[in-house]
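Engineer: Below: one structure in structure tokens.
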Amino acid sequence: MAPGQSAALRAILVVEDEMLLRMRAVDMVEDAGFTAVEAINADDALAVLESRSDIELLFTDIQMPGSMDGLKLAYAVHSRWPSIKIILVSGQLKLTDDDKPVDSRFFGKPLDVKQMIAEMQDMLGKGSLKIAPDDISALIAKASHPEPNGKSIQAGSAGATSQAVLTAENDSLRLLLEQAGIDAKVLLAQAGIDAKEREAADKLQKLILE
């Protein structure tokens with residue numbers, strides 16, 4: 001990706017025919033800081049890839065209905081779009097390096113959420129769809145300590161200037177948090193799932209895994 005390209009264009013294609021597992025994968029993609037694009041089988045995935053140029057990683061299950069399974073899809077993507085990175089997952093099969101496309105990665109189900117987030121960020125770099133905690137901490141620190149030397153604000157023009165700076169920083173923090181809320185709503189809308197449905201599905205998925 002070009003240095004100036006918007007992070008919102010960094011997309012991962014999630015291919016999974018099981019709805020709950022697809023939702024879980026979408027959650028991991030978004031927690032890693034990327035945009036998730038969904039497909040339920042290989043045919044849908046190829047249609048997405050032919051219509052979009054922003055897909056940087058293919059995250060696909062191997063066992064799927066349709067004209068080809070996830071492994072054949074991975075080989076097709078590697079052949080036609082060699083720049084797209086690939087993660088293969090399965091709860092039934094185990095792949096060796098000789099079984100999968102070059103430079104692709106394989107993981108068995110159930111997936112470890114933290115590991116998968118780390119793997120995606122390792123392959124693509126850290127995503128930027130979320131507000132960086134360090135940025136918020138810095139803004140809060142500045143708002144709490146507007147004077148660099150730690151001295152109290154003096155009366156007069158110096159105090160007025162510091163107060164103006166504090167007000168501006170508080171406004172910036174408020175706008176930043178509001179934007180985070182908007183981004184979260186947009187991501188949920190893109191996935192076609194509202195917050196309550198997502199929570200219920202998470203609980204059901206946890207029950208299934210246990």
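Labels used: A, B, ... for chains in the order of the structure tokens, numbers from 1 for residues in each chain, and numbers from 1 for ligands as shown.
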From the DSSP assignment of the backbone, select every residue of segment 20-106 of chain A that is strand (DSSP E), and format the answer as a PDB file with N, CA, C and O atoms, in the first residue's frame.

Structural biologist:
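File states-v6.pdb, as written:
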ATOM      1  N   THR A  35     -10.593  -3.414   7.491  1.00  0.00           N
ATOM      2  CA  THR A  35     -11.962  -3.536   7.007  1.00  0.00           C
ATOM      3  C   THR A  35     -12.210  -4.969   6.559  1.00  0.00           C
ATOM      4  O   THR A  35     -11.415  -5.534   5.810  1.00  0.00           O
ATOM      5  N   ALA A  36     -13.315  -5.551   7.015  1.00  0.00           N
ATOM      6  CA  ALA A  36     -13.659  -6.923   6.631  1.00  0.00           C
ATOM      7  C   ALA A  36     -14.642  -6.911   5.473  1.00  0.00           C
ATOM      8  O   ALA A  36     -15.630  -6.184   5.488  1.00  0.00           O
ATOM      9  N   VAL A  37     -14.349  -7.728   4.460  1.00  0.00           N
ATOM     10  CA  VAL A  37     -15.261  -7.935   3.333  1.00  0.00           C
ATOM     11  C   VAL A  37     -15.655  -9.411   3.377  1.00  0.00           C
ATOM     12  O   VAL A  37     -14.785 -10.279   3.450  1.00  0.00           O
ATOM     13  N   GLU A  38     -16.942  -9.714   3.342  1.00  0.00           N
ATOM     14  CA  GLU A  38     -17.409 -11.080   3.556  1.00  0.00           C
ATOM     15  C   GLU A  38     -17.804 -11.790   2.267  1.00  0.00           C
ATOM     16  O   GLU A  38     -18.323 -11.180   1.337  1.00  0.00           O
ATOM     17  N   ALA A  39     -17.544 -13.122   2.249  1.00  0.00           N
ATOM     18  CA  ALA A  39     -17.999 -13.993   1.168  1.00  0.00           C
ATOM     19  C   ALA A  39     -18.325 -15.344   1.788  1.00  0.00           C
ATOM     20  O   ALA A  39     -17.677 -15.767   2.753  1.00  0.00           O
ATOM     21  N   ILE A  55      -8.326  -5.430  -1.693  1.00  0.00           N
ATOM     22  CA  ILE A  55      -8.159  -6.614  -0.851  1.00  0.00           C
ATOM     23  C   ILE A  55      -6.673  -6.925  -0.722  1.00  0.00           C
ATOM     24  O   ILE A  55      -5.970  -7.147  -1.703  1.00  0.00           O
ATOM     25  N   GLU A  56      -6.196  -6.979   0.507  1.00  0.00           N
ATOM     26  CA  GLU A  56      -4.769  -7.242   0.744  1.00  0.00           C
ATOM     27  C   GLU A  56      -4.507  -8.614   1.339  1.00  0.00           C
ATOM     28  O   GLU A  56      -3.382  -9.098   1.301  1.00  0.00           O
ATOM     29  N   LEU A  57      -5.545  -9.234   1.905  1.00  0.00           N
ATOM     30  CA  LEU A  57      -5.338 -10.544   2.527  1.00  0.00           C
ATOM     31  C   LEU A  57      -6.602 -11.370   2.376  1.00  0.00           C
ATOM     32  O   LEU A  57      -7.715 -10.867   2.521  1.00  0.00           O
ATOM     33  N   LEU A  58      -6.426 -12.651   2.063  1.00  0.00           N
ATOM     34  CA  LEU A  58      -7.524 -13.612   1.981  1.00  0.00           C
ATOM     35  C   LEU A  58      -7.503 -14.474   3.231  1.00  0.00           C
ATOM     36  O   LEU A  58      -6.505 -15.119   3.537  1.00  0.00           O
ATOM     37  N   PHE A  59      -8.616 -14.463   3.954  1.00  0.00           N
ATOM     38  CA  PHE A  59      -8.769 -15.269   5.171  1.00  0.00           C
ATOM     39  C   PHE A  59      -9.874 -16.277   4.876  1.00  0.00           C
ATOM     40  O   PHE A  59     -11.049 -15.925   4.846  1.00  0.00           O
ATOM     41  N   THR A  60      -9.516 -17.547   4.619  1.00  0.00           N
ATOM     42  CA  THR A  60     -10.516 -18.489   4.145  1.00  0.00           C
ATOM     43  C   THR A  60     -10.504 -19.819   4.874  1.00  0.00           C
ATOM     44  O   THR A  60      -9.445 -20.358   5.209  1.00  0.00           O
ATOM     45  N   ASP A  61     -11.710 -20.331   5.109  1.00  0.00           N
ATOM     46  CA  ASP A  61     -11.875 -21.694   5.591  1.00  0.00           C
ATOM     47  C   ASP A  61     -11.602 -22.631   4.421  1.00  0.00           C
ATOM     48  O   ASP A  61     -11.733 -22.240   3.253  1.00  0.00           O
ATOM     49  N   LYS A  85      -1.966 -11.645   0.328  1.00  0.00           N
ATOM     50  CA  LYS A  85      -1.496 -12.623   1.303  1.00  0.00           C
ATOM     51  C   LYS A  85      -2.646 -13.547   1.681  1.00  0.00           C
ATOM     52  O   LYS A  85      -3.814 -13.200   1.518  1.00  0.00           O
ATOM     53  N   ILE A  86      -2.308 -14.737   2.204  1.00  0.00           N
ATOM     54  CA  ILE A  86      -3.336 -15.764   2.417  1.00  0.00           C
ATOM     55  C   ILE A  86      -3.207 -16.410   3.788  1.00  0.00           C
ATOM     56  O   ILE A  86      -2.103 -16.801   4.201  1.00  0.00           O
ATOM     57  N   ILE A  87      -4.350 -16.534   4.481  1.00  0.00           N
ATOM     58  CA  ILE A  87      -4.449 -17.327   5.709  1.00  0.00           C
ATOM     59  C   ILE A  87      -5.511 -18.390   5.485  1.00  0.00           C
ATOM     60  O   ILE A  87      -6.644 -18.085   5.132  1.00  0.00           O
ATOM     61  N   LEU A  88      -5.135 -19.650   5.694  1.00  0.00           N
ATOM     62  CA  LEU A  88      -6.045 -20.780   5.561  1.00  0.00           C
ATOM     63  C   LEU A  88      -6.363 -21.327   6.945  1.00  0.00           C
ATOM     64  O   LEU A  88      -5.464 -21.443   7.789  1.00  0.00           O
ATOM     65  N   VAL A  89      -7.630 -21.694   7.179  1.00  0.00           N
ATOM     66  CA  VAL A  89      -8.008 -22.270   8.473  1.00  0.00           C
ATOM     67  C   VAL A  89      -8.884 -23.492   8.241  1.00  0.00           C
ATOM     68  O   VAL A  89      -9.584 -23.593   7.235  1.00  0.00           O
ATOM     69  N   SER A  90      -8.825 -24.427   9.192  1.00  0.00           N
ATOM     70  CA  SER A  90      -9.656 -25.626   9.091  1.00  0.00           C
ATOM     71  C   SER A  90      -9.771 -26.285  10.452  1.00  0.00           C
ATOM     72  O   SER A  90      -8.814 -26.274  11.240  1.00  0.00           O
ATOM     73  N   ARG A 105      -0.280 -18.973   5.203  1.00  0.00           N
ATOM     74  CA  ARG A 105      -0.202 -19.503   6.565  1.00  0.00           C
ATOM     75  C   ARG A 105      -1.451 -20.312   6.865  1.00  0.00           C
ATOM     76  O   ARG A 105      -2.547 -19.988   6.402  1.00  0.00           O
ATOM     77  N   PHE A 106      -1.273 -21.378   7.658  1.00  0.00           N
ATOM     78  CA  PHE A 106      -2.389 -22.255   8.012  1.00  0.00           C
ATOM     79  C   PHE A 106      -2.543 -22.332   9.525  1.00  0.00           C
ATOM     80  O   PHE A 106      -1.553 -22.408  10.267  1.00  0.00           O
TER      81      PHE A 106
END

Engineer: For Met28 of chain A, which of A:Glu50, A:Asp122, A:Asp103, A:Asp112 is the closest residue, counting only C-alpha atoms?

Structural biologist: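 Ranked by minimum distance to Met28 of chain A, first place goes to A:Asp112.
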
Engineer: Ranking A:Gly91, A:Gly66, A:Gly33, A:Pro82 by minimum distance to Leu111 of chain A and counting only C-alpha atoms, which one comes first?

Structural biologist: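 Of A:Gly91, A:Gly66, A:Gly33, A:Pro82, the one nearest Leu111 of chain A is A:Gly91, counting only C-alpha atoms.
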
Engineer: If DSSP is run on the backbone, what residues of segment 75-122 of chain A are helix (DSSP H, G or I)? A reply as a PDB file with C-alpha atoms, in the first residue's frame would be ideal.

Structural biologist:
ATOM      1  CA  TYR A  75      -4.164 -21.400  -5.185  1.00  0.00           C
ATOM      2  CA  ALA A  76      -6.384 -19.516  -7.638  1.00  0.00           C
ATOM      3  CA  VAL A  77      -5.901 -16.256  -5.742  1.00  0.00           C
ATOM      4  CA  HIS A  78      -2.151 -16.808  -5.447  1.00  0.00           C
ATOM      5  CA  SER A  79      -1.968 -17.361  -9.218  1.00  0.00           C
ATOM      6  CA  ARG A  80      -4.139 -14.410 -10.287  1.00  0.00           C
ATOM      7  CA  VAL A 113      -8.225 -14.626  18.739  1.00  0.00           C
ATOM      8  CA  LYS A 114      -5.086 -12.878  19.985  1.00  0.00           C
ATOM      9  CA  GLN A 115      -2.876 -15.047  17.801  1.00  0.00           C
ATOM     10  CA  MET A 116      -4.936 -14.385  14.681  1.00  0.00           C
ATOM     11  CA  ILE A 117      -4.967 -10.631  15.300  1.00  0.00           C
ATOM     12  CA  ALA A 118      -1.191 -10.721  15.743  1.00  0.00           C
ATOM     13  CA  GLU A 119      -0.765 -12.785  12.561  1.00  0.00           C
ATOM     14  CA  MET A 120      -2.837 -10.374  10.452  1.00  0.00           C
ATOM     15  CA  GLN A 121      -0.955  -7.382  11.812  1.00  0.00           C
ATOM     16  CA  ASP A 122       2.345  -9.173  11.201  1.00  0.00           C
TER      17      ASP A 122
END

Engineer: List the spatial neighbours of Leu20 of chain A as a PyMOL selection string - criterion: any atom at most 12 Å away, only C-alpha atoms, same-chain residues fewer than 5 positions off excluded.

Structural biologist: chain A and resi 25-27+40+193+197-209

Engineer: When you draw a straight line from atom CA of Asp44 of chain A to atom CA of Arg22 of chain A, how long is it in Å?

Structural biologist: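 Interatomic distance here is 13.8 Å.
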
Engineer: For a quick check of understanding, using only C-alpha atoms, which of A:Ala45, A:Leu71, A:Leu93, A:Met123 has the smallest distance to Lys109 of chain A?

Structural biologist: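 Using only C-alpha atoms, Lys109 of chain A sits closest to A:Leu93.
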
Engineer: Between A:Leu124, A:Leu73, A:Leu176, A:Leu46, which has the minimum distance to Val29 of chain A (counting only C-alpha atoms)?

Structural biologist: A:Leu124

Engineer: Quick one: pull the distance between atom CA of Gly70 of chain A and atom CA of Asp98 of chain A, Å, one decimal.

Structural biologist: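 Rounded to one decimal, the two atoms are 15.7 Å apart.
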